[in-house]
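The data block below is protein.pdb; it holds PDB, C-alpha atoms, pLDDT in the B column.
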```
ATOM      1  CA  MET H   1      86.667   9.647  46.123  1.00 78.00           C
ATOM      2  CA  ASN H   2      87.533  12.839  44.247  1.00 84.00           C
ATOM      3  CA  ASN H   3      90.793  13.547  42.499  1.00 87.00           C
ATOM      4  CA  ARG H   4      92.682  16.370  40.793  1.00 90.00           C
ATOM      5  CA  ILE H   5      94.296  14.264  38.057  1.00 93.00           C
ATOM      6  CA  ARG H   6      92.847  16.235  35.136  1.00 92.00           C
ATOM      7  CA  GLU H   7      93.921  19.576  36.633  1.00 92.00           C
ATOM      8  CA  LEU H   8      97.426  18.392  37.544  1.00 93.00           C
ATOM      9  CA  ARG H   9      97.869  16.711  34.176  1.00 93.00           C
ATOM     10  CA  ALA H  10      96.941  19.937  32.393  1.00 92.00           C
ATOM     11  CA  ARG H  11      99.395  21.841  34.588  1.00 91.00           C
ATOM     12  CA  LEU H  12     102.233  19.511  33.523  1.00 91.00           C
ATOM     13  CA  ASP H  13     100.952  19.428  29.928  1.00 91.00           C
ATOM     14  CA  LEU H  14     100.712  15.627  30.043  1.00 91.00           C
ATOM     15  CA  SER H  15      98.313  13.691  27.855  1.00 92.00           C
ATOM     16  CA  GLN H  16      96.234  10.841  29.274  1.00 92.00           C
ATOM     17  CA  LEU H  17      98.352   8.388  27.289  1.00 91.00           C
ATOM     18  CA  GLU H  18     101.620   9.824  28.618  1.00 92.00           C
ATOM     19  CA  LEU H  19     100.387   9.649  32.205  1.00 93.00           C
ATOM     20  CA  ALA H  20      99.135   6.095  31.621  1.00 93.00           C
ATOM     21  CA  GLN H  21     102.521   5.052  30.232  1.00 91.00           C
ATOM     22  CA  ARG H  22     104.349   6.650  33.171  1.00 92.00           C
ATOM     23  CA  VAL H  23     102.309   4.796  35.777  1.00 93.00           C
ATOM     24  CA  GLY H  24     102.008   1.557  33.773  1.00 91.00           C
ATOM     25  CA  VAL H  25      98.258   1.378  33.157  1.00 92.00           C
ATOM     26  CA  ARG H  26      95.983   1.654  30.122  1.00 91.00           C
ATOM     27  CA  ARG H  27      94.770   5.072  28.965  1.00 91.00           C
ATOM     28  CA  GLU H  28      91.223   3.906  29.652  1.00 91.00           C
ATOM     29  CA  THR H  29      92.071   3.642  33.365  1.00 93.00           C
ATOM     30  CA  ILE H  30      93.129   7.304  33.444  1.00 94.00           C
ATOM     31  CA  VAL H  31      89.857   8.236  31.670  1.00 94.00           C
ATOM     32  CA  PHE H  32      87.851   6.331  34.296  1.00 93.00           C
ATOM     33  CA  LEU H  33      89.862   7.912  37.129  1.00 93.00           C
ATOM     34  CA  GLU H  34      89.276  11.415  35.801  1.00 93.00           C
ATOM     35  CA  LYS H  35      85.564  10.768  35.464  1.00 91.00           C
ATOM     36  CA  GLY H  36      85.487   9.469  39.043  1.00 88.00           C
ATOM     37  CA  LYS H  37      84.231   6.077  37.860  1.00 90.00           C
ATOM     38  CA  TYR H  38      87.084   4.104  39.343  1.00 91.00           C
ATOM     39  CA  ASN H  39      88.964   4.205  42.640  1.00 90.00           C
ATOM     40  CA  PRO H  40      92.641   3.291  42.173  1.00 91.00           C
ATOM     41  CA  SER H  41      94.598   0.836  44.258  1.00 91.00           C
ATOM     42  CA  LEU H  42      96.929   2.325  46.832  1.00 92.00           C
ATOM     43  CA  ARG H  43      99.856   1.425  44.587  1.00 94.00           C
ATOM     44  CA  LEU H  44      98.403   3.237  41.560  1.00 94.00           C
ATOM     45  CA  ALA H  45      97.402   6.256  43.679  1.00 94.00           C
ATOM     46  CA  HIS H  46     100.976   6.383  44.997  1.00 94.00           C
ATOM     47  CA  ASP H  47     102.462   6.154  41.494  1.00 94.00           C
ATOM     48  CA  ILE H  48     100.189   8.899  40.167  1.00 95.00           C
ATOM     49  CA  ALA H  49     100.946  11.189  43.112  1.00 94.00           C
ATOM     50  CA  ARG H  50     104.667  10.567  42.646  1.00 94.00           C
ATOM     51  CA  THR H  51     104.376  11.486  38.944  1.00 94.00           C
ATOM     52  CA  PHE H  52     102.964  14.856  40.005  1.00 93.00           C
ATOM     53  CA  ALA H  53     105.552  15.119  42.834  1.00 93.00           C
ATOM     54  CA  LEU H  54     102.766  15.575  45.368  1.00 92.00           C
ATOM     55  CA  PRO H  55     101.614  13.627  48.418  1.00 92.00           C
ATOM     56  CA  ILE H  56      98.660  11.276  47.794  1.00 91.00           C
ATOM     57  CA  GLU H  57      96.251  13.381  49.866  1.00 90.00           C
ATOM     58  CA  GLU H  58      96.785  16.366  47.564  1.00 90.00           C
ATOM     59  CA  VAL H  59      95.790  14.340  44.515  1.00 91.00           C
ATOM     60  CA  PHE H  60      93.041  12.145  45.972  1.00 89.00           C
ATOM     61  CA  CYS H  61      90.568  13.114  48.658  1.00 85.00           C
ATOM     62  CA  PHE H  62      87.675  11.253  50.177  1.00 76.00           C
ATOM     63  CA  ASP H  63      84.200  12.638  49.956  1.00 70.00           C
ATOM     64  CA  ASP H  64      82.361  11.547  53.132  1.00 65.00           C
ATOM     65  CA  GLY H  65      79.023  11.614  51.316  1.00 61.00           C
ATOM     66  CA  SER H  66      80.131   8.772  49.037  1.00 57.00           C
ATOM     67  CA  ARG H  67      80.788   6.291  51.859  1.00 56.00           C
ATOM     68  CA  PRO H  68      79.302   2.899  50.833  1.00 54.00           C
TER      69      PRO H  68
ATOM     70  CA  MET S  69     100.154 -11.512  23.779  1.00 71.00           C
ATOM     71  CA  LYS S  70      99.153 -15.147  24.248  1.00 77.00           C
ATOM     72  CA  LYS S  71      95.656 -14.112  25.384  1.00 76.00           C
ATOM     73  CA  MET S  72      95.274 -11.854  22.340  1.00 80.00           C
ATOM     74  CA  ILE S  73      96.097 -14.728  19.994  1.00 85.00           C
ATOM     75  CA  LEU S  74      93.809 -17.069  21.939  1.00 87.00           C
ATOM     76  CA  ILE S  75      90.849 -14.679  21.584  1.00 86.00           C
ATOM     77  CA  PHE S  76      91.277 -14.478  17.795  1.00 87.00           C
ATOM     78  CA  VAL S  77      91.775 -18.267  17.501  1.00 90.00           C
ATOM     79  CA  ILE S  78      88.533 -18.892  19.447  1.00 89.00           C
ATOM     80  CA  CYS S  79      86.668 -16.362  17.257  1.00 88.00           C
ATOM     81  CA  ALA S  80      87.995 -18.056  14.113  1.00 91.00           C
ATOM     82  CA  LEU S  81      87.065 -21.538  15.414  1.00 91.00           C
ATOM     83  CA  LEU S  82      83.531 -20.396  16.187  1.00 88.00           C
ATOM     84  CA  LEU S  83      83.083 -18.843  12.747  1.00 89.00           C
ATOM     85  CA  VAL S  84      84.573 -21.894  10.991  1.00 91.00           C
ATOM     86  CA  SER S  85      82.306 -24.298  12.902  1.00 88.00           C
ATOM     87  CA  LEU S  86      79.314 -22.077  12.075  1.00 85.00           C
ATOM     88  CA  ALA S  87      80.306 -22.128   8.381  1.00 87.00           C
ATOM     89  CA  VAL S  88      80.771 -25.934   8.424  1.00 88.00           C
ATOM     90  CA  TRP S  89      77.351 -26.344  10.053  1.00 83.00           C
ATOM     91  CA  ALA S  90      75.755 -24.110   7.382  1.00 82.00           C
ATOM     92  CA  LEU S  91      77.591 -25.761   4.453  1.00 83.00           C
ATOM     93  CA  ARG S  92      76.670 -29.292   5.509  1.00 81.00           C
ATOM     94  CA  GLY S  93      73.065 -28.385   4.729  1.00 72.00           C
ATOM     95  CA  LYS S  94      71.679 -29.092   8.185  1.00 71.00           C
ATOM     96  CA  VAL S  95      70.159 -25.641   8.487  1.00 72.00           C
ATOM     97  CA  ALA S  96      66.414 -25.762   9.058  1.00 72.00           C
ATOM     98  CA  GLY S  97      66.105 -21.977   8.914  1.00 73.00           C
ATOM     99  CA  ASN S  98      63.607 -21.714  11.755  1.00 78.00           C
ATOM    100  CA  ALA S  99      63.380 -18.826  14.207  1.00 79.00           C
ATOM    101  CA  LEU S 100      65.333 -20.637  16.939  1.00 77.00           C
ATOM    102  CA  GLU S 101      68.285 -21.262  14.619  1.00 80.00           C
ATOM    103  CA  LEU S 102      68.262 -17.660  13.465  1.00 84.00           C
ATOM    104  CA  LEU S 103      68.256 -16.524  17.099  1.00 84.00           C
ATOM    105  CA  GLU S 104      71.146 -18.856  17.997  1.00 82.00           C
ATOM    106  CA  THR S 105      73.150 -17.674  14.961  1.00 85.00           C
ATOM    107  CA  GLY S 106      72.494 -14.052  15.901  1.00 88.00           C
ATOM    108  CA  VAL S 107      73.654 -14.647  19.475  1.00 88.00           C
ATOM    109  CA  ILE S 108      76.819 -16.374  18.204  1.00 88.00           C
ATOM    110  CA  PHE S 109      77.605 -13.383  15.971  1.00 90.00           C
ATOM    111  CA  ILE S 110      77.062 -10.997  18.907  1.00 91.00           C
ATOM    112  CA  LEU S 111      79.419 -13.046  21.104  1.00 89.00           C
ATOM    113  CA  VAL S 112      82.064 -13.309  18.379  1.00 90.00           C
ATOM    114  CA  GLY S 113      81.777  -9.548  17.844  1.00 91.00           C
ATOM    115  CA  PHE S 114      82.280  -8.962  21.575  1.00 89.00           C
ATOM    116  CA  ALA S 115      85.324 -11.243  21.714  1.00 89.00           C
ATOM    117  CA  PHE S 116      86.719  -9.580  18.572  1.00 89.00           C
ATOM    118  CA  PHE S 117      86.217  -6.150  20.162  1.00 89.00           C
ATOM    119  CA  LEU S 118      88.059  -7.261  23.324  1.00 87.00           C
ATOM    120  CA  GLY S 119      90.890  -8.697  21.225  1.00 88.00           C
ATOM    121  CA  LEU S 120      91.160  -5.506  19.148  1.00 89.00           C
ATOM    122  CA  SER S 121      91.296  -3.302  22.251  1.00 87.00           C
ATOM    123  CA  ARG S 122      94.180  -5.438  23.540  1.00 85.00           C
ATOM    124  CA  VAL S 123      95.988  -5.118  20.202  1.00 87.00           C
ATOM    125  CA  ARG S 124      95.506  -1.330  20.267  1.00 86.00           C
ATOM    126  CA  SER S 125      96.898  -1.177  23.815  1.00 84.00           C
ATOM    127  CA  HIS S 126      99.845  -3.305  22.739  1.00 84.00           C
ATOM    128  CA  LEU S 127     100.557  -0.982  19.795  1.00 86.00           C
ATOM    129  CA  ARG S 128     100.402   2.080  22.080  1.00 83.00           C
ATOM    130  CA  LYS S 129     102.939   0.339  24.347  1.00 83.00           C
ATOM    131  CA  GLU S 130     100.420   0.126  27.201  1.00 83.00           C
ATOM    132  CA  PRO S 131      99.871  -3.072  29.171  1.00 86.00           C
ATOM    133  CA  SER S 132      97.127  -5.119  27.509  1.00 81.00           C
ATOM    134  CA  GLU S 133      95.706  -5.747  30.998  1.00 84.00           C
ATOM    135  CA  ASP S 134      95.943  -3.543  34.061  1.00 87.00           C
ATOM    136  CA  GLU S 135      94.378  -3.380  37.523  1.00 91.00           C
ATOM    137  CA  MET S 136      91.158  -1.777  36.276  1.00 92.00           C
ATOM    138  CA  SER S 137      90.573  -4.169  33.377  1.00 90.00           C
ATOM    139  CA  LYS S 138      91.192  -7.114  35.733  1.00 91.00           C
ATOM    140  CA  ARG S 139      88.744  -5.701  38.279  1.00 93.00           C
ATOM    141  CA  VAL S 140      86.121  -5.080  35.559  1.00 93.00           C
ATOM    142  CA  MET S 141      86.495  -8.713  34.451  1.00 92.00           C
ATOM    143  CA  THR S 142      86.297 -10.005  38.045  1.00 94.00           C
ATOM    144  CA  LYS S 143      83.223  -7.950  38.875  1.00 94.00           C
ATOM    145  CA  ALA S 144      81.486  -8.760  35.573  1.00 95.00           C
ATOM    146  CA  SER S 145      82.235 -12.480  36.064  1.00 95.00           C
ATOM    147  CA  SER S 146      80.870 -12.563  39.612  1.00 95.00           C
ATOM    148  CA  LEU S 147      77.740 -10.681  38.560  1.00 95.00           C
ATOM    149  CA  ALA S 148      77.285 -12.993  35.552  1.00 96.00           C
ATOM    150  CA  PHE S 149      77.684 -16.088  37.750  1.00 96.00           C
ATOM    151  CA  TYR S 150      75.030 -14.788  40.154  1.00 95.00           C
ATOM    152  CA  VAL S 151      72.564 -14.021  37.332  1.00 95.00           C
ATOM    153  CA  SER S 152      73.344 -17.324  35.561  1.00 95.00           C
ATOM    154  CA  ILE S 153      72.086 -19.310  38.561  1.00 96.00           C
ATOM    155  CA  TYR S 154      68.663 -17.750  38.003  1.00 95.00           C
ATOM    156  CA  LEU S 155      68.959 -18.366  34.258  1.00 94.00           C
ATOM    157  CA  TRP S 156      69.489 -22.108  34.859  1.00 94.00           C
ATOM    158  CA  LEU S 157      66.618 -22.142  37.349  1.00 94.00           C
ATOM    159  CA  PHE S 158      64.412 -20.580  34.648  1.00 93.00           C
ATOM    160  CA  ILE S 159      65.605 -23.158  32.089  1.00 91.00           C
ATOM    161  CA  MET S 160      64.823 -25.991  34.541  1.00 90.00           C
ATOM    162  CA  TYR S 161      61.397 -24.470  35.108  1.00 91.00           C
ATOM    163  CA  ILE S 162      60.521 -24.183  31.402  1.00 88.00           C
ATOM    164  CA  SER S 163      62.074 -27.547  30.459  1.00 86.00           C
ATOM    165  CA  ASP S 164      59.030 -29.285  32.001  1.00 84.00           C
ATOM    166  CA  ARG S 165      56.643 -27.097  30.044  1.00 85.00           C
ATOM    167  CA  ILE S 166      58.090 -27.091  26.532  1.00 82.00           C
ATOM    168  CA  THR S 167      59.275 -29.886  24.272  1.00 81.00           C
ATOM    169  CA  LEU S 168      62.870 -29.155  23.299  1.00 78.00           C
ATOM    170  CA  PRO S 169      65.723 -31.686  23.098  1.00 83.00           C
ATOM    171  CA  THR S 170      68.083 -31.662  26.073  1.00 84.00           C
ATOM    172  CA  HIS S 171      71.081 -30.604  23.956  1.00 83.00           C
ATOM    173  CA  SER S 172      69.159 -27.549  22.709  1.00 82.00           C
ATOM    174  CA  LEU S 173      68.317 -26.535  26.277  1.00 86.00           C
ATOM    175  CA  ILE S 174      71.935 -26.952  27.392  1.00 89.00           C
ATOM    176  CA  GLY S 175      73.147 -25.012  24.339  1.00 86.00           C
ATOM    177  CA  ALA S 176      70.655 -22.238  25.068  1.00 86.00           C
ATOM    178  CA  GLY S 177      71.842 -22.152  28.685  1.00 91.00           C
ATOM    179  CA  ILE S 178      75.509 -21.882  27.718  1.00 91.00           C
ATOM    180  CA  MET S 179      74.819 -19.151  25.165  1.00 90.00           C
ATOM    181  CA  GLY S 180      72.614 -17.430  27.719  1.00 92.00           C
ATOM    182  CA  MET S 181      75.495 -17.459  30.210  1.00 94.00           C
ATOM    183  CA  ALA S 182      77.776 -15.882  27.604  1.00 92.00           C
ATOM    184  CA  LEU S 183      75.171 -13.209  26.880  1.00 93.00           C
ATOM    185  CA  VAL S 184      74.713 -12.557  30.603  1.00 95.00           C
ATOM    186  CA  PHE S 185      78.477 -12.073  30.883  1.00 94.00           C
ATOM    187  CA  LEU S 186      78.433  -9.637  27.949  1.00 94.00           C
ATOM    188  CA  PHE S 187      75.660  -7.564  29.549  1.00 94.00           C
ATOM    189  CA  SER S 188      77.370  -7.703  32.975  1.00 95.00           C
ATOM    190  CA  TRP S 189      80.595  -6.442  31.406  1.00 94.00           C
ATOM    191  CA  LEU S 190      78.752  -3.604  29.662  1.00 94.00           C
ATOM    192  CA  TYR S 191      76.937  -2.725  32.901  1.00 94.00           C
ATOM    193  CA  VAL S 192      80.149  -2.662  34.975  1.00 93.00           C
ATOM    194  CA  LYS S 193      81.867  -0.534  32.310  1.00 91.00           C
ATOM    195  CA  ALA S 194      78.962   1.922  32.172  1.00 91.00           C
ATOM    196  CA  ALA S 195      78.356   2.148  35.919  1.00 88.00           C
ATOM    197  CA  GLY S 196      82.029   2.238  36.895  1.00 85.00           C
ATOM    198  CA  MET S 197      83.445   0.972  40.178  1.00 83.00           C
ATOM    199  CA  ARG S 198      83.239   3.668  42.787  1.00 75.00           C
ATOM    200  CA  ASN S 199      83.717   3.123  46.512  1.00 67.00           C
ATOM    201  CA  GLU S 200      84.677  -0.542  46.389  1.00 65.00           C
TER     202      GLU S 200
END
```

Can you turn what I pasted into C-alpha cells?
Amino acid sequence: MNNRIRELRARLDLSQLELAQRVGVRRETIVFLEKGKYNPSLRLAHDIARTFALPIEEVFCFDDGSRP
Amino acid sequence: MKKMILIFVICALLLVSLAVWALRGKVAGNALELLETGVIFILVGFAFFLGLSRVRSHLRKEPSEDEMSKRVMTKASSLAFYVSIYLWLFIMYISDRITLPTHSLIGAGIMGMALVFLFSWLYVKAAGMRNE
C-alpha cells in the first residue's frame, strides 16, 4: 500500500507529532506509515484522510504488485 | 500509566535480586554465570528502553500504546512463541548429552525465551508490517 501522508502533511505544514496527536496515535506510527512499513487499520486510515479533508482513496492507494 | 510503573518495578526487582545474589557471595564467576548475568542486563536494558519510550510518549501527550505498537507486540510474541518451541526441543536434546542441573536448564530456557522475544521484537520493528 502506498500513501501520500508526507506530501499532504507538508502541504498543511503539519509535523509528524501534530498529525499523530490529531489522529490519536504515537509519532512512531506516522513515521512507519510514511516509510510504507505499516498498513493502517481502516479506522486510522479514515481518521488520517479526514484530517486532510480528502477521501481515503486519495491518501492511500493499493499497489497490485505488493499483494501477499 | 500502570504498565509503565510495572515495567520499572520489574526492572528494579531483577536488579535487586541480582545484587542480593552477588552480595551473598554465591558467585562462582564461571563463564556460564557471566553469560547469564550479561543476558539479564540485556533484558533489563530492553525493558528499561520500552518503559522510557512509554514515558516519552506520555510526556508528549501521545497514547503510550496505539494500534501499531499493539500489533508489533502481538506479532513479535507469536513469532517468539513459534521459535521458543524449537528452543525447548533443542534444550531437551542437549539435556541428555550434557551434565547440568535441571534448574539451570530451565533457567536457561526461560532466559532464552526472553532473548528470542527481544530479537523477534527487533526483527518486526526493522522489517515492518506491510500487507498484513

Expressed in Å to a single decimal, how great is the separation between CA of Phe109 in chain S and CA of Ala195 in chain S?
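Rounded to one decimal, the two atoms are 25.3 Å apart.
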
Could you check which of S:Leu82, S:Leu118, S:Ala194, S:Leu103 is closest to chain H, using all atoms listed in the file?
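For chain H, the nearest of the candidates is S:Ala194.
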
Would you pick out the contacts of range 20-25 of chain H at 12 Å or less, using all atoms listed in the file, so that residues sharing its chain but fewer than 6 positions from it are not included, and give the list as a ChimeraX atom specification?
/H:5,9,14,31-34,40-41,43-52 /S:125-126,128-138

List the residues matched by the PyMOL selection byres ((chain S and resi 105) around 12) in the displayed structure as number ranges by chain, ordered by chain and then by residue number.
S: 82-83, 85-87, 89-90, 95, 97-104, 106-112, 175-176, 179

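In this structure, CA of Leu74 in chain S sits 15.9 Å away from CA of Arg124 in chain S.
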
Report as lines of an AutoDock Vina configuration file the centre and the edge lengths, in Å to one decimal, of the axis-aligned box holding every listed atom of range 101-114 of chain S, padded by 8 Å on each side.
```
center_x = 75.3
center_y = -15.1
center_z = 17.5
size_x = 30.0
size_y = 28.3
size_z = 24.1
```

Contacts from chain H to chain S, 7 Å maximum, only C-alpha atoms: show me the residue list as a short mmCIF file (atom, residue, chain, number, x, y, z; two decimals) with C-alpha atoms, in the frame of the given file.
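Final file, out.cif:
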```cif
data_model
loop_
_atom_site.label_atom_id
_atom_site.label_comp_id
_atom_site.auth_asym_id
_atom_site.auth_seq_id
_atom_site.Cartn_x
_atom_site.Cartn_y
_atom_site.Cartn_z
CA GLN H 21 102.52 5.05 30.23
CA GLY H 24 102.01 1.56 33.77
CA VAL H 25 98.26 1.38 33.16
CA ARG H 26 95.98 1.65 30.12
CA THR H 29 92.07 3.64 33.36
CA LYS H 37 84.23 6.08 37.86
CA TYR H 38 87.08 4.10 39.34
CA ASN H 39 88.96 4.20 42.64
CA ARG H 67 80.79 6.29 51.86
CA PRO H 68 79.30 2.90 50.83
#
```

Expand the PyMOL selection byres ((chain S and resi 150-152) around 10) into the individual residues it matches in the shown file, reporting them as a VMD selection string.
chain S and resid 144 to 149 153 to 158 177 to 178 180 to 185 188

Create the file for the chosen residues now, containing C-alpha atoms and written as a compact mmCIF listing (two decimals), in the coordinates of the input.
```txt
# COMPACT_ATOMS: atom_id res chain seq x y z
CA ALA S 144 81.49 -8.76 35.57
CA SER S 145 82.24 -12.48 36.06
CA SER S 146 80.87 -12.56 39.61
CA LEU S 147 77.74 -10.68 38.56
CA ALA S 148 77.28 -12.99 35.55
CA PHE S 149 77.68 -16.09 37.75
CA ILE S 153 72.09 -19.31 38.56
CA TYR S 154 68.66 -17.75 38.00
CA LEU S 155 68.96 -18.37 34.26
CA TRP S 156 69.49 -22.11 34.86
CA LEU S 157 66.62 -22.14 37.35
CA PHE S 158 64.41 -20.58 34.65
CA GLY S 177 71.84 -22.15 28.68
CA ILE S 178 75.51 -21.88 27.72
CA GLY S 180 72.61 -17.43 27.72
CA MET S 181 75.50 -17.46 30.21
CA ALA S 182 77.78 -15.88 27.60
CA LEU S 183 75.17 -13.21 26.88
CA VAL S 184 74.71 -12.56 30.60
CA PHE S 185 78.48 -12.07 30.88
CA SER S 188 77.37 -7.70 32.98
```

In Å, how far is it from CA of Leu127 in chain S to CA of Val77 in chain S?
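Distance between the two atoms: 19.5 Å.
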
Leaving out Phe116 in chain S and any residue of its chain fewer than 2 positions from it, which residues lie within 8 Å of it when counting all atoms listed in the file, given as a compact mmCIF listing (two decimals) with C-alpha atoms, in the coordinates of the input?
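Wrote part23.txt, looks like this:
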```txt
# COMPACT_ATOMS: atom_id res chain seq x y z
CA ILE S 75 90.85 -14.68 21.58
CA PHE S 76 91.28 -14.48 17.80
CA CYS S 79 86.67 -16.36 17.26
CA VAL S 112 82.06 -13.31 18.38
CA GLY S 113 81.78 -9.55 17.84
CA PHE S 114 82.28 -8.96 21.58
CA LEU S 118 88.06 -7.26 23.32
CA GLY S 119 90.89 -8.70 21.22
CA LEU S 120 91.16 -5.51 19.15
```

Convert the output of the PyMOL selection byres ((chain H and resi 57-62) around 8) on the shown file into explicit residues, formatted as a list in words.
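Selected by the PyMOL selection byres ((chain H and resi 57-62) around 8) here: Met1, Asn2, Asn3, Arg4, Ile5, Ala45, Ala49, Leu54, Pro55, Ile56, Asp63 and Asp64 of chain H.
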
Shortest contact to Leu173 in chain S, candidates S:Val84, S:Val192, S:Ile159, S:Leu186, atoms counted all atoms listed in the file, goes to S:Ile159

Kindly provide, as a list in words, the polymer residues lying within 7 Å of (89.3, 15.8, 33.1), counting all atoms listed in the file and using the coordinates exactly as they appear in the file.
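The requested residues, written out, are Arg6, Glu7, Glu34 and Lys35 of chain H.
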
Out of S:Lys143, S:Ile78, S:Thr167, S:Gly93, which residue has the shortest atom-to-atom distance to Trp189 in chain S when counting only C-alpha atoms?
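Nearest to Trp189 in chain S: S:Lys143.
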
Determine the nearest neighbour of Arg27 in chain H from the options S:Ser121, S:Ser163, S:His171, S:Met141, counting all atoms listed in the file.
S:Ser121

Complete range 130-142 of chain S at the level of N, CA and C atoms, written as a compact mmCIF listing (two decimals), in the frame of the given file.
```txt
# COMPACT_ATOMS: atom_id res chain seq x y z
N GLU S 130 101.06 0.20 25.88
CA GLU S 130 100.42 0.13 27.20
C GLU S 130 100.32 -1.35 27.56
N PRO S 131 100.13 -1.66 28.86
CA PRO S 131 99.87 -3.07 29.17
C PRO S 131 98.51 -3.48 28.59
N SER S 132 98.41 -4.70 28.08
CA SER S 132 97.13 -5.12 27.51
C SER S 132 96.10 -5.37 28.62
N GLU S 133 96.58 -5.58 29.83
CA GLU S 133 95.71 -5.75 31.00
C GLU S 133 96.29 -4.92 32.13
N ASP S 134 95.45 -4.24 32.88
CA ASP S 134 95.94 -3.54 34.06
C ASP S 134 94.98 -3.78 35.21
N GLU S 135 95.21 -3.08 36.35
CA GLU S 135 94.38 -3.38 37.52
C GLU S 135 92.90 -3.11 37.28
N MET S 136 92.58 -2.06 36.50
CA MET S 136 91.16 -1.78 36.28
C MET S 136 90.50 -2.83 35.37
N SER S 137 91.19 -3.19 34.28
CA SER S 137 90.57 -4.17 33.38
C SER S 137 90.39 -5.51 34.08
N LYS S 138 91.34 -5.86 34.98
CA LYS S 138 91.19 -7.11 35.73
C LYS S 138 90.01 -7.03 36.70
N ARG S 139 89.85 -5.85 37.33
CA ARG S 139 88.74 -5.70 38.28
C ARG S 139 87.40 -5.67 37.56
N VAL S 140 87.36 -5.09 36.36
CA VAL S 140 86.12 -5.08 35.56
C VAL S 140 85.74 -6.52 35.24
N MET S 141 86.74 -7.31 34.79
CA MET S 141 86.50 -8.71 34.45
C MET S 141 86.01 -9.50 35.68
N THR S 142 86.67 -9.28 36.82
CA THR S 142 86.30 -10.01 38.04
C THR S 142 84.87 -9.66 38.46
```
